[in-house]
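So this block is protein_15.cif, mmCIF, C-alpha atoms:
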```cif
data_target
#
loop_
_atom_site.label_atom_id
_atom_site.label_comp_id
_atom_site.auth_asym_id
_atom_site.auth_seq_id
_atom_site.Cartn_x
_atom_site.Cartn_y
_atom_site.Cartn_z
CA MET A 19 -42.25 -7.62 37.58
CA LYS A 20 -44.00 -5.04 39.65
CA LEU A 21 -43.28 -1.54 38.42
CA SER A 22 -43.81 0.87 41.26
CA LEU A 23 -43.47 4.60 40.84
CA PRO A 24 -40.02 4.81 42.51
CA ARG A 25 -38.73 2.15 40.17
CA VAL A 26 -40.10 3.95 37.13
CA VAL A 27 -38.45 7.15 38.31
CA ALA A 28 -35.21 5.28 38.90
CA VAL A 29 -35.28 3.88 35.36
CA PHE A 30 -36.04 7.33 34.00
CA LEU A 31 -33.16 8.95 35.86
CA LEU A 32 -30.79 6.14 34.96
CA ALA A 33 -31.73 6.46 31.29
CA ILE A 34 -31.01 10.19 31.40
CA ALA A 35 -27.67 9.53 33.04
CA LEU A 36 -26.78 6.89 30.48
CA GLY A 37 -27.79 9.17 27.62
CA ALA A 38 -25.68 11.99 29.02
CA ALA A 39 -22.72 9.66 29.49
CA PHE A 40 -23.09 8.40 25.93
CA SER A 41 -23.20 11.95 24.58
CA PHE A 42 -20.03 12.81 26.45
CA ALA A 43 -18.26 9.64 25.38
CA TYR A 44 -19.29 9.81 21.72
CA PRO A 45 -20.04 13.42 20.78
CA SER A 46 -20.14 12.63 17.07
CA VAL A 47 -22.93 10.06 17.36
CA ASP A 48 -26.43 11.48 17.31
CA ILE A 49 -28.95 9.90 19.65
CA ASP A 50 -32.02 9.12 17.61
CA ALA A 51 -35.21 7.32 18.63
CA ALA A 52 -33.75 3.83 18.18
CA LEU A 53 -30.64 4.62 20.19
CA ALA A 54 -32.76 6.24 22.90
CA THR A 55 -34.84 3.07 23.06
CA VAL A 56 -31.70 1.00 23.53
CA ILE A 57 -30.55 3.33 26.30
CA VAL A 58 -33.91 3.03 28.08
CA LEU A 59 -33.75 -0.76 27.75
CA LEU A 60 -30.26 -0.75 29.21
CA ALA A 61 -31.45 1.41 32.09
CA LEU A 62 -34.34 -0.97 32.69
CA ALA A 63 -31.99 -3.94 32.68
CA ALA A 64 -29.59 -2.24 35.06
CA GLU A 65 -32.40 -1.29 37.42
CA SER A 66 -33.80 -4.82 37.37
CA LEU A 67 -30.39 -6.29 38.09
CA ALA A 68 -29.84 -3.86 40.95
CA ALA A 69 -33.27 -4.69 42.40
CA PHE A 70 -32.59 -8.40 42.12
CA ILE A 71 -29.25 -8.09 43.92
CA TYR A 72 -30.82 -5.87 46.55
CA ARG A 73 -33.57 -8.43 47.20
CA ARG A 74 -31.03 -11.20 47.52
CA VAL A 75 -28.97 -9.22 50.00
CA VAL A 76 -32.01 -8.19 52.05
CA ASN A 77 -33.40 -11.73 52.16
CA ARG A 78 -30.07 -13.11 53.24
CA GLY A 79 -29.81 -10.56 56.02
CA MET B 29 -14.07 -16.41 51.21
CA ARG B 30 -12.59 -19.62 49.93
CA HIS B 31 -12.70 -18.24 46.41
CA PHE B 32 -10.71 -15.20 47.37
CA ILE B 33 -8.09 -17.35 49.05
CA PHE B 34 -7.93 -19.50 45.95
CA VAL B 35 -7.45 -16.48 43.68
CA PHE B 36 -4.73 -15.04 45.91
CA ALA B 37 -2.99 -18.39 46.00
CA LEU B 38 -3.04 -18.56 42.23
CA LEU B 39 -1.61 -15.08 41.98
CA PHE B 40 1.20 -15.89 44.39
CA MET B 41 1.97 -19.10 42.54
CA SER B 42 2.14 -17.40 39.16
CA ALA B 43 4.21 -14.45 40.35
CA PRO B 44 7.64 -16.14 40.06
CA ALA B 45 6.88 -17.35 36.53
CA LEU B 46 5.81 -13.87 35.53
CA ALA B 47 8.95 -12.37 37.02
CA ASP B 48 11.12 -14.87 35.15
CA ARG B 49 9.41 -14.06 31.90
CA ALA B 50 9.69 -10.34 32.51
CA SER B 51 13.43 -10.57 33.14
CA GLU B 52 13.88 -12.76 30.06
CA CYS B 53 11.94 -10.29 27.91
CA ARG B 54 13.87 -7.36 29.30
CA ARG B 55 17.11 -9.13 28.48
CA GLN B 56 15.92 -9.76 24.92
CA CYS B 57 14.41 -6.39 24.19
CA GLY B 58 16.50 -3.94 26.17
CA GLU B 59 14.86 -0.53 26.08
CA ASP B 60 12.42 -1.30 23.29
CA ALA B 61 9.05 -0.99 25.02
CA ALA B 62 7.04 -2.31 22.08
CA CYS B 63 9.24 -5.39 21.85
CA TYR B 64 8.83 -5.92 25.58
CA ARG B 65 5.05 -5.71 25.35
CA ARG B 66 5.01 -8.22 22.51
CA CYS B 67 7.34 -10.52 24.38
CA MET B 68 5.15 -10.43 27.47
CA GLY B 69 2.13 -11.16 25.32
CA TYR B 70 0.23 -7.99 26.14
CA PHE B 71 -2.71 -7.38 23.80
CA SER B 72 -1.93 -10.51 21.84
CA ASP B 73 -5.10 -12.52 22.35
CA TYR B 74 -7.25 -9.46 22.41
CA ARG B 75 -6.15 -8.21 19.05
CA ARG B 76 -5.79 -11.49 17.30
CA GLY B 77 -9.44 -12.08 18.01
CA GLY B 78 -9.88 -15.74 18.61
CA GLY B 79 -13.59 -15.68 18.08
CA GLY B 80 -15.06 -14.93 14.73
CA HIS B 81 -14.12 -12.50 12.04
CA TYR B 82 -15.42 -9.40 13.67
CA TYR B 83 -14.77 -5.76 13.07
CA ARG B 84 -11.43 -5.81 14.78
CA PRO B 85 -8.64 -4.59 12.59
CA ARG B 86 -6.51 -7.29 11.08
CA ALA B 87 -3.15 -5.97 12.04
CA TYR B 88 -0.19 -8.14 11.18
CA ARG B 89 2.40 -7.75 13.86
CA GLN B 90 5.93 -7.13 12.74
CA ALA B 91 8.96 -8.82 14.19
CA PRO B 92 10.76 -6.83 16.87
CA SER B 93 12.72 -4.19 15.08
CA SER B 94 15.35 -4.00 17.80
CA LEU B 95 16.35 -7.58 17.10
CA ASN B 96 16.53 -7.13 13.39
CA ALA B 97 18.01 -3.73 13.33
CA PRO B 98 21.70 -4.47 13.88
CA LYS B 99 21.70 -7.13 11.21
CA ILE B 100 20.53 -4.89 8.40
CA GLU B 101 23.00 -4.41 5.65
CA PRO B 102 22.54 -1.36 3.49
CA GLU B 103 20.72 -2.38 0.35
CA ALA B 104 21.20 -0.37 -2.77
CA ASN B 105 17.89 -1.00 -4.48
CA ALA B 106 15.58 -3.30 -2.72
CA PRO B 107 13.48 -5.34 -5.13
CA LYS B 108 9.84 -4.40 -5.30
CA ALA B 109 7.87 -7.43 -6.32
CA GLU B 110 9.87 -10.44 -7.07
CA PRO B 111 8.37 -12.94 -9.42
CA GLN B 112 7.18 -16.07 -7.75
CA ALA B 113 9.15 -18.50 -9.85
CA SER B 114 12.54 -16.88 -9.69
CA ALA B 115 12.56 -16.30 -5.95
CA PRO B 116 14.42 -18.90 -3.93
CA ARG B 117 12.13 -21.08 -1.89
CA GLU B 118 14.37 -21.80 1.09
CA GLU B 119 15.47 -18.52 2.47
CA PRO B 120 17.53 -18.24 5.62
CA GLN B 121 15.17 -17.21 8.36
CA THR B 122 15.95 -14.20 10.44
CA ASN B 123 16.47 -14.76 14.11
CA ALA B 124 13.21 -13.10 15.02
CA PRO B 125 11.54 -15.05 17.82
CA ARG B 126 8.13 -14.73 16.20
CA ALA B 127 9.04 -15.72 12.68
CA GLU B 128 5.81 -16.44 10.85
CA PRO B 129 5.49 -19.95 9.47
CA GLN B 130 4.27 -19.00 6.03
CA ALA B 131 6.87 -16.97 4.26
CA PRO B 132 6.06 -15.18 1.04
CA THR B 133 8.95 -15.32 -1.36
CA ALA B 134 9.57 -11.60 -1.14
CA LYS B 135 9.42 -11.69 2.62
CA ALA B 136 12.99 -11.46 3.77
CA PRO B 137 14.10 -8.49 1.64
CA ALA B 138 10.84 -6.71 2.25
CA LYS B 139 11.06 -7.36 5.97
CA ARG B 140 14.55 -5.97 6.14
CA ARG B 141 13.44 -3.09 4.01
CA SER B 142 10.48 -2.33 6.25
CA ALA B 143 12.58 -2.68 9.39
CA LYS B 144 15.11 -0.30 7.92
CA LYS B 145 12.30 2.04 6.99
CA ASP B 146 10.93 1.85 10.52
CA LEU B 147 14.23 3.01 11.89
CA ALA B 148 14.46 5.92 9.53
CA ARG B 149 10.79 6.75 9.19
CA PRO B 150 9.77 10.11 10.58
CA SER B 151 6.49 10.26 12.44
CA ILE B 152 3.33 10.67 10.42
CA LEU B 153 1.66 14.05 10.80
CA GLY B 154 -1.58 13.35 9.04
CA THR B 155 -3.51 11.63 6.31
CA ALA B 156 -4.51 12.92 2.90
CA TYR B 157 -6.37 11.27 0.08
CA ASP B 158 -5.52 11.02 -3.59
CA PHE B 159 -6.78 9.16 -6.63
CA LEU B 160 -5.00 6.11 -8.01
CA TYR B 161 -5.55 5.78 -11.74
CA ALA B 162 -3.40 2.73 -12.46
CA PRO B 163 -1.61 0.04 -10.47
CA GLY B 164 1.86 1.21 -9.56
CA ALA B 165 1.11 4.83 -10.38
CA GLU B 166 1.44 6.00 -6.81
CA THR B 167 3.58 9.03 -6.12
CA GLU B 168 6.89 8.12 -4.53
CA GLY B 169 8.06 9.44 -1.21
CA TYR B 170 5.06 9.23 1.11
CA GLY B 171 5.50 7.98 4.64
CA LEU B 172 2.73 5.42 4.40
CA TYR B 173 0.54 4.18 1.59
CA SER B 174 -3.08 3.34 2.27
CA TYR B 175 -5.81 2.08 -0.02
CA VAL B 176 -9.56 2.42 0.22
CA ILE B 177 -10.96 -0.93 -0.85
CA LEU B 178 -14.68 -0.99 -1.58
CA PRO B 179 -15.76 -4.32 -3.08
CA ARG B 180 -19.05 -3.07 -4.50
CA PRO B 181 -21.20 0.04 -4.61
CA SER B 182 -23.51 0.28 -1.61
CA GLU B 183 -24.88 2.76 0.86
CA ARG B 184 -22.18 1.71 3.30
CA ALA B 185 -19.51 2.42 0.70
CA VAL B 186 -20.99 5.86 0.07
CA ALA B 187 -21.08 6.64 3.79
CA PHE B 188 -17.52 5.47 4.28
CA LEU B 189 -16.07 7.34 1.32
CA ARG B 190 -17.97 10.44 2.31
CA GLU B 191 -16.51 10.24 5.78
CA LEU B 192 -13.00 9.86 4.39
CA VAL B 193 -13.13 12.73 1.93
CA GLY B 194 -14.87 14.91 4.48
CA ARG B 195 -12.32 14.24 7.18
CA PHE B 196 -9.05 14.20 5.25
CA PRO B 197 -7.77 16.84 2.86
CA ALA B 198 -6.73 16.11 -0.70
CA ALA B 199 -3.05 15.33 -1.08
CA SER B 200 -2.65 18.29 -3.42
CA ASP B 201 -3.79 20.62 -0.65
CA VAL B 202 -1.26 19.40 1.89
CA SER B 203 1.92 21.38 2.24
CA ALA B 204 3.73 19.10 4.71
CA ALA B 205 6.64 16.93 3.63
CA LYS B 206 5.49 13.79 1.84
CA GLU B 207 7.40 11.43 4.08
CA ARG B 208 5.30 12.63 6.99
CA ILE B 209 1.98 11.99 5.28
CA ASN B 210 -0.07 8.83 5.07
CA VAL B 211 -1.58 8.96 1.60
CA LEU B 212 -4.95 7.32 1.20
CA TYR B 213 -5.41 6.18 -2.36
CA ILE B 214 -8.86 5.81 -3.87
CA PRO B 215 -8.77 3.48 -6.89
CA THR B 216 -10.15 5.46 -9.79
CA LYS B 217 -10.75 4.53 -13.41
CA ALA B 218 -8.17 5.82 -15.85
CA SER B 219 -10.93 7.42 -17.89
CA ALA B 220 -11.58 9.78 -14.97
CA ARG B 221 -7.98 11.03 -14.88
CA GLY B 222 -7.82 14.54 -13.51
CA GLN B 223 -10.65 13.94 -11.08
CA ALA B 224 -11.08 17.04 -8.95
CA ALA B 225 -10.84 16.77 -5.19
CA PHE B 226 -14.10 16.50 -3.31
CA PRO B 227 -15.36 19.51 -1.44
CA ALA B 228 -15.11 19.08 2.32
CA ASP B 229 -18.89 18.99 2.64
CA ALA B 230 -19.46 16.63 -0.28
CA GLY B 231 -23.01 15.36 -0.24
CA PRO B 232 -24.01 11.73 -0.63
CA THR B 233 -25.18 12.27 -4.19
CA VAL B 234 -21.73 13.52 -5.27
CA VAL B 235 -19.97 10.60 -3.63
CA LYS B 236 -22.50 8.12 -4.96
CA ALA B 237 -22.04 9.44 -8.49
CA PHE B 238 -18.27 9.10 -8.14
CA LEU B 239 -18.62 5.55 -6.87
CA ASN B 240 -20.91 4.49 -9.68
CA LYS B 241 -19.00 6.14 -12.49
CA ASN B 242 -15.38 6.57 -11.54
CA TYR B 243 -14.40 4.26 -8.70
CA ASP B 244 -12.35 1.34 -10.03
CA PHE B 245 -13.80 -1.72 -8.34
CA ALA B 246 -11.58 -4.00 -10.42
CA MET B 247 -8.45 -2.35 -9.05
CA ALA B 248 -9.84 -2.58 -5.54
CA GLN B 249 -10.46 -6.28 -6.09
CA ARG B 250 -6.91 -6.66 -7.35
CA LEU B 251 -5.61 -5.10 -4.15
CA LEU B 252 -7.56 -7.65 -2.16
CA PHE B 253 -6.12 -10.39 -4.32
CA HIS B 254 -2.63 -9.09 -3.53
CA LEU B 255 -3.47 -9.34 0.13
CA CYS B 256 -4.88 -12.85 -0.22
CA ASP B 257 -2.08 -14.20 -2.35
CA LYS B 258 -0.38 -16.30 0.32
CA PRO B 259 -2.29 -14.49 3.06
CA ALA B 260 -0.94 -13.71 6.47
CA PRO B 261 -2.53 -15.76 9.27
CA THR B 262 -4.60 -12.84 10.48
CA VAL B 263 -6.32 -12.37 7.13
CA GLU B 264 -6.64 -16.03 6.22
CA GLN B 265 -10.21 -16.21 7.43
CA LEU B 266 -11.15 -13.09 5.52
CA CYS B 267 -9.54 -14.40 2.36
CA ALA B 268 -11.49 -17.64 2.68
CA ASN B 269 -14.73 -15.65 2.45
CA ASP B 270 -16.20 -14.07 -0.64
CA LEU B 271 -14.58 -10.67 0.07
CA SER B 272 -17.83 -8.90 -0.59
CA GLY B 273 -18.05 -7.18 2.79
CA GLY B 274 -16.07 -4.12 3.52
CA PRO B 275 -15.20 -1.39 3.40
CA TYR B 276 -11.55 -2.16 3.95
CA LEU B 277 -8.46 -0.05 4.52
CA LEU B 278 -5.02 -1.38 3.75
CA THR B 279 -1.94 0.48 4.95
CA TYR B 280 1.62 -0.38 4.06
CA ALA B 281 5.02 1.21 4.31
CA THR B 282 5.53 1.23 0.55
CA LYS B 283 3.24 1.23 -2.44
CA VAL B 284 1.57 -2.11 -2.88
CA SER B 285 -0.63 -1.91 -5.93
CA ASP B 286 2.04 -3.65 -8.05
CA LEU B 287 3.28 -5.90 -5.23
CA SER B 288 2.04 -9.44 -4.90
CA PRO B 289 2.10 -11.26 -2.54
CA LEU B 290 2.10 -8.72 0.22
CA PRO B 291 4.68 -9.39 2.92
CA PRO B 292 3.97 -8.21 6.46
CA PRO B 293 3.88 -5.89 8.32
CA PHE B 294 0.73 -4.18 7.18
CA LEU B 295 -2.40 -2.79 8.73
CA PHE B 296 -5.61 -4.16 7.36
CA VAL B 297 -8.82 -2.69 8.75
CA ASP B 298 -11.95 -4.69 8.06
CA LEU B 299 -15.07 -2.65 8.71
CA THR B 300 -17.54 -5.27 7.50
CA ASN B 301 -19.42 -5.44 10.78
CA VAL B 302 -19.16 -1.79 11.70
CA ARG B 303 -22.32 0.26 11.54
CA PRO B 304 -22.19 3.23 9.16
CA ARG B 305 -22.99 5.56 12.03
CA ALA B 306 -19.82 4.42 13.73
CA PHE B 307 -17.62 5.09 10.69
CA PRO B 308 -16.53 8.53 11.96
CA LEU B 309 -15.24 7.00 15.18
CA PHE B 310 -13.38 4.22 13.42
CA VAL B 311 -11.90 6.55 10.83
CA ALA B 312 -10.71 8.85 13.61
CA ALA B 313 -9.14 5.86 15.36
CA TYR B 314 -7.52 4.82 12.10
CA ALA B 315 -6.07 8.31 11.64
CA ALA B 316 -4.58 8.06 15.13
CA GLN B 317 -3.34 4.54 14.49
CA VAL B 318 -1.24 5.43 11.45
CA LYS B 319 0.54 8.08 13.49
CA ARG B 320 1.91 5.46 15.83
CA PRO B 321 5.52 4.36 15.26
CA GLU B 322 4.24 0.82 14.84
CA PHE B 323 1.37 1.57 12.55
CA SER B 324 0.51 -2.10 12.08
CA ASP B 325 -0.17 -3.00 15.71
CA GLY B 326 -3.81 -1.91 15.58
CA ALA B 327 -3.82 -0.70 19.19
CA ARG B 328 -6.03 2.31 18.55
CA LEU B 329 -8.54 0.31 16.56
CA ALA B 330 -8.83 -2.58 19.00
CA ASP B 331 -10.31 -0.21 21.51
CA PHE B 332 -13.04 -1.26 23.94
CA ARG B 333 -14.74 2.09 23.50
CA LEU B 334 -15.11 1.53 19.76
CA GLN B 335 -16.40 -1.98 20.24
CA LEU B 336 -18.90 -0.80 22.80
CA VAL B 337 -20.36 1.89 20.57
CA ASN B 338 -20.57 -0.55 17.69
CA ILE B 339 -22.56 -2.98 19.84
CA VAL B 340 -24.89 -0.23 21.03
CA LEU B 341 -25.42 1.03 17.48
CA THR B 342 -26.07 -2.52 16.31
CA ALA B 343 -28.74 -2.83 18.99
CA ALA B 344 -30.18 0.50 17.86
CA ASP B 345 -30.40 -0.77 14.30
CA TRP B 346 -32.21 -3.85 15.56
CA VAL B 347 -34.69 -1.67 17.41
CA GLN B 348 -35.31 0.46 14.34
CA PRO B 349 -37.74 -1.96 12.65
CA VAL B 350 -39.79 -2.16 15.84
CA SER B 351 -40.28 1.58 16.02
CA ALA B 352 -40.97 1.63 12.29
CA ALA B 353 -43.60 -1.08 12.73
CA VAL B 354 -45.21 0.83 15.57
CA ALA B 355 -45.23 3.92 13.40
CA ASP B 356 -46.97 1.91 10.70
CA ILE B 357 -49.59 0.73 13.14
CA ALA B 358 -50.28 4.02 14.84
CA HIS B 359 -51.16 6.83 12.49
CA PHE B 360 -51.68 10.30 13.80
CA ALA B 361 -53.58 12.80 11.80
CA GLU B 362 -53.82 16.37 12.86
CA ALA B 363 -56.96 18.29 12.16
CA LYS B 364 -56.31 21.30 10.00
CA LYS B 365 -58.06 24.57 9.84
CA SER B 366 -59.69 25.69 6.66
CA ASP B 367 -56.77 28.03 5.86
CA GLY B 368 -54.27 25.19 6.06
CA GLU B 369 -52.63 26.07 9.41
CA ALA B 370 -52.32 23.51 12.17
CA PRO B 371 -54.52 24.20 15.20
CA LYS B 372 -52.74 25.66 18.22
#
```

Written form, structure tokens:
Amino acid sequence: MKLSLPRVVAVFLLAIALGAAFSFAYPSVDIDAALATVIVLLALAAESLAAFIYRRVVNRG
Amino acid sequence: MRHFIFVFALLFMSAPALADRASECRRQCGEDAACYRRCMGYFSDYRRGGGGHYYRPRAYRQAPSSLNAPKIEPEANAPKAEPQASAPREEPQTNAPRAEPQAPTAKAPAKRRSAKKDLARPSILGTAYDFLYAPGAETEGYGLYSYVILPRPSERAVAFLRELVGRFPAASDVSAAKERINVLYIPTKASARGQAAFPADAGPTVVKAFLNKNYDFAMAQRLLFHLCDKPAPTVEQLCANDLSGGPYLLTYATKVSDLSPLPPPFLFVDLTNVRPRAFPLFVAAYAAQVKRPEFSDGARLADFRLQLVNIVLTAADWVQPVSAAVADIAHFAEAKKSDGEAPK
């Protein structure tokens, strides 16, 4: 997987958004290092999935 | 495109059957919305949890009260726990459409009693905890009776009990009418009679000391045995295990510590697979659940939001050893000045 700068930025922003959403959804749960790692992994997975779907759509077109 | 057409065709084909069922359910249940939902099968598969014994609450669903209600005769003194041998084996079944196949001997009177209680029960305003020093020593008159069942002392048990005593007030501090309170009994050894209520900010050491010295694990085990004596279908799988998980919460309309077997309906919350960090969320959901008119339906606890956070926290706990291992590999040492201050 080629990690270009825009993709890294996208993962970063997505992770921040996910973390904020989690904080709003579960205010009583503290986000520690392990939970932050999980959130970053989720953001990475979401970004990869989005990139995969985008490639498929572009190639088809 | 073909798939969409197929899905639409399926929907159109199933629509008449759904409409028939809806009209049939409405005819059976009248204005009782809960009965209608049960009849239509809403939530049924979701809550019953076909796959695995997970952290979903084991909520035994009660028969529709609207169907039973007109047939209730006033009973002077309903029997509490009838002995197994003296109870008649073949009891006339009620006409409830979802009559459970296994019928504890005390089922029919208790069912009528609970249905009658449902009709007359005022809504629950809140939950308070108290100590239970002996089986059957519960104070009469509470709206619901709940029991904190901890099979063994553990860090999870400490975290759970700490969450409970931090969130709920002691029963002695509650001024509301008893019938509007769900009392949460903590089995306690008789030698610790007169145990003072925990402070709201009780630390883990206080709770741990209570668990090790005063919590009555034998009584908690006995409560589980009551539950598993002719268990309801929803707790059969749990009862087949070694019952060493937990923590558990058992809620019933009357006191149960001297009642065996335990006839439905009851709410049994199994938190075996819930992460300790998620205990506050589950306890909050439990507190909301017992306020529902049908406290045993488990709707608040079978929430997607709770399941999602539990999965995420489980993943976080799996990640924890990785970060700990990395921390073991990479050591950072800061240089210090001669006077002991860190360099700026």

### Task
Up to 10 Å from chain B, what residues of chain A turn up? Count only C-alpha atoms and give them as a list of chain:residue names.
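Written out as asked, the residues are A:Phe40, A:Ala43, A:Tyr44, A:Pro45, A:Ser46, A:Val47, A:Asp48, A:Ile49, A:Asp50, A:Ala51, A:Ala52, A:Leu53, A:Ala54, A:Thr55, A:Val56, A:Ile57, A:Leu60.
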
I need the residues from that last selection saved to file as a CSV table (one decimal), in the frame of the given file (with C-alpha atoms), if you can.
```csv
chain,number,residue,atom,x,y,z
A,40,PHE,CA,-23.1,8.4,25.9
A,43,ALA,CA,-18.3,9.6,25.4
A,44,TYR,CA,-19.3,9.8,21.7
A,45,PRO,CA,-20.0,13.4,20.8
A,46,SER,CA,-20.1,12.6,17.1
A,47,VAL,CA,-22.9,10.1,17.4
A,48,ASP,CA,-26.4,11.5,17.3
A,49,ILE,CA,-29.0,9.9,19.6
A,50,ASP,CA,-32.0,9.1,17.6
A,51,ALA,CA,-35.2,7.3,18.6
A,52,ALA,CA,-33.8,3.8,18.2
A,53,LEU,CA,-30.6,4.6,20.2
A,54,ALA,CA,-32.8,6.2,22.9
A,55,THR,CA,-34.8,3.1,23.1
A,56,VAL,CA,-31.7,1.0,23.5
A,57,ILE,CA,-30.6,3.3,26.3
A,60,LEU,CA,-30.3,-0.8,29.2
```

### Task
Step by step, work through what the PyMOL selection byres ((chain B and resi 312) around 10) selects in the shown file, and finish by giving those residues as a list of chain:residue names.
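Given this file, the PyMOL selection byres ((chain B and resi 312) around 10) evaluates to B:Glu191, B:Leu192, B:Arg195, B:Phe307, B:Pro308, B:Leu309, B:Phe310, B:Val311, B:Ala313, B:Tyr314, B:Ala315, B:Ala316, B:Gln317, B:Arg328, B:Leu329.
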
### Message
Please list as a PyMOL selection string every residue within 12 Å of A:Ala68, counting all atoms listed in the file and excluding residues in the same chain fewer than 5 positions away.
### Response
chain A and resi 25+28-29+32+61-63+73-75

Give me a file of those residues, with C-alpha atoms, as a short mmCIF file (atom, residue, chain, number, x, y, z; two decimals), in the coordinates of the input.
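Final output, saved to part15.cif:
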```cif
data_model
loop_
_atom_site.label_atom_id
_atom_site.label_comp_id
_atom_site.auth_asym_id
_atom_site.auth_seq_id
_atom_site.Cartn_x
_atom_site.Cartn_y
_atom_site.Cartn_z
CA ARG A 25 -38.73 2.15 40.17
CA ALA A 28 -35.21 5.28 38.90
CA VAL A 29 -35.28 3.88 35.36
CA LEU A 32 -30.79 6.14 34.96
CA ALA A 61 -31.45 1.41 32.09
CA LEU A 62 -34.34 -0.97 32.69
CA ALA A 63 -31.99 -3.94 32.68
CA ARG A 73 -33.57 -8.43 47.20
CA ARG A 74 -31.03 -11.20 47.52
CA VAL A 75 -28.97 -9.22 50.00
#
```

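With atom CA of B:Thr262 on one side and atom CA of B:Pro292 on the other, the separation reads 10.5 Å.
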
### Evaluate the PyMOL selection byres ((chain B and resi 187) around 12) and report residues as a VMD selection string
chain B and resid 178 181 to 186 188 to 194 230 to 236 239 274 to 275 302 to 308 311

Using only the atoms of stretch 33-41 of chain A listed in the file, plus 5 Å on each side, state the axis-aligned box centre and edge lengths in Å rounded to one decimal, as AutoDock Vina command-line options.
```
--center_x -27.2 --center_y 9.2 --center_z 28.8 --size_x 19.0 --size_y 15.5 --size_z 18.5
```

### Query
If you count all atoms listed in the file, which residues fall within 7 Å of stretch 208-210 of chain B, apart from same-chain ones fewer than 2 positions away, as number ranges by chain?
B: 150-156, 170-174, 205-206, 212

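As for atom CA of A:Pro24 and atom CA of A:Phe42, they are spaced 26.9 Å apart.
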
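Going from atom CA of B:Leu251 to atom CA of B:Leu277 covers 10.4 Å.
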
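With all atoms listed in the file as the basis for measurement, B:Asn301 is the residue among B:Thr167, B:Asp270, B:Asn301, B:Pro321 that approaches B:Ile339 most closely.
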
### Task
Would you kindly translate the PyMOL selection byres ((chain B and resi 225) around 10) into the concrete residues it picks from this file, as a PyMOL selection string?
chain B and resi 157-159+193+197-201+222-224+226-228+230

Dump C-alpha atoms for the selected residues as a PDB file, keeping the file's coordinate frame?
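Saved as result.pdb:
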```pdb
ATOM      1  CA  TYR B 157      -6.370  11.270   0.080  1.00  0.00           C
ATOM      2  CA  ASP B 158      -5.520  11.020  -3.590  1.00  0.00           C
ATOM      3  CA  PHE B 159      -6.780   9.160  -6.630  1.00  0.00           C
ATOM      4  CA  VAL B 193     -13.130  12.730   1.930  1.00  0.00           C
ATOM      5  CA  PRO B 197      -7.770  16.840   2.860  1.00  0.00           C
ATOM      6  CA  ALA B 198      -6.730  16.110  -0.700  1.00  0.00           C
ATOM      7  CA  ALA B 199      -3.050  15.330  -1.080  1.00  0.00           C
ATOM      8  CA  SER B 200      -2.650  18.290  -3.420  1.00  0.00           C
ATOM      9  CA  ASP B 201      -3.790  20.620  -0.650  1.00  0.00           C
ATOM     10  CA  GLY B 222      -7.820  14.540 -13.510  1.00  0.00           C
ATOM     11  CA  GLN B 223     -10.650  13.940 -11.080  1.00  0.00           C
ATOM     12  CA  ALA B 224     -11.080  17.040  -8.950  1.00  0.00           C
ATOM     13  CA  PHE B 226     -14.100  16.500  -3.310  1.00  0.00           C
ATOM     14  CA  PRO B 227     -15.360  19.510  -1.440  1.00  0.00           C
ATOM     15  CA  ALA B 228     -15.110  19.080   2.320  1.00  0.00           C
ATOM     16  CA  ALA B 230     -19.460  16.630  -0.280  1.00  0.00           C
TER      17      ALA B 230
END
```
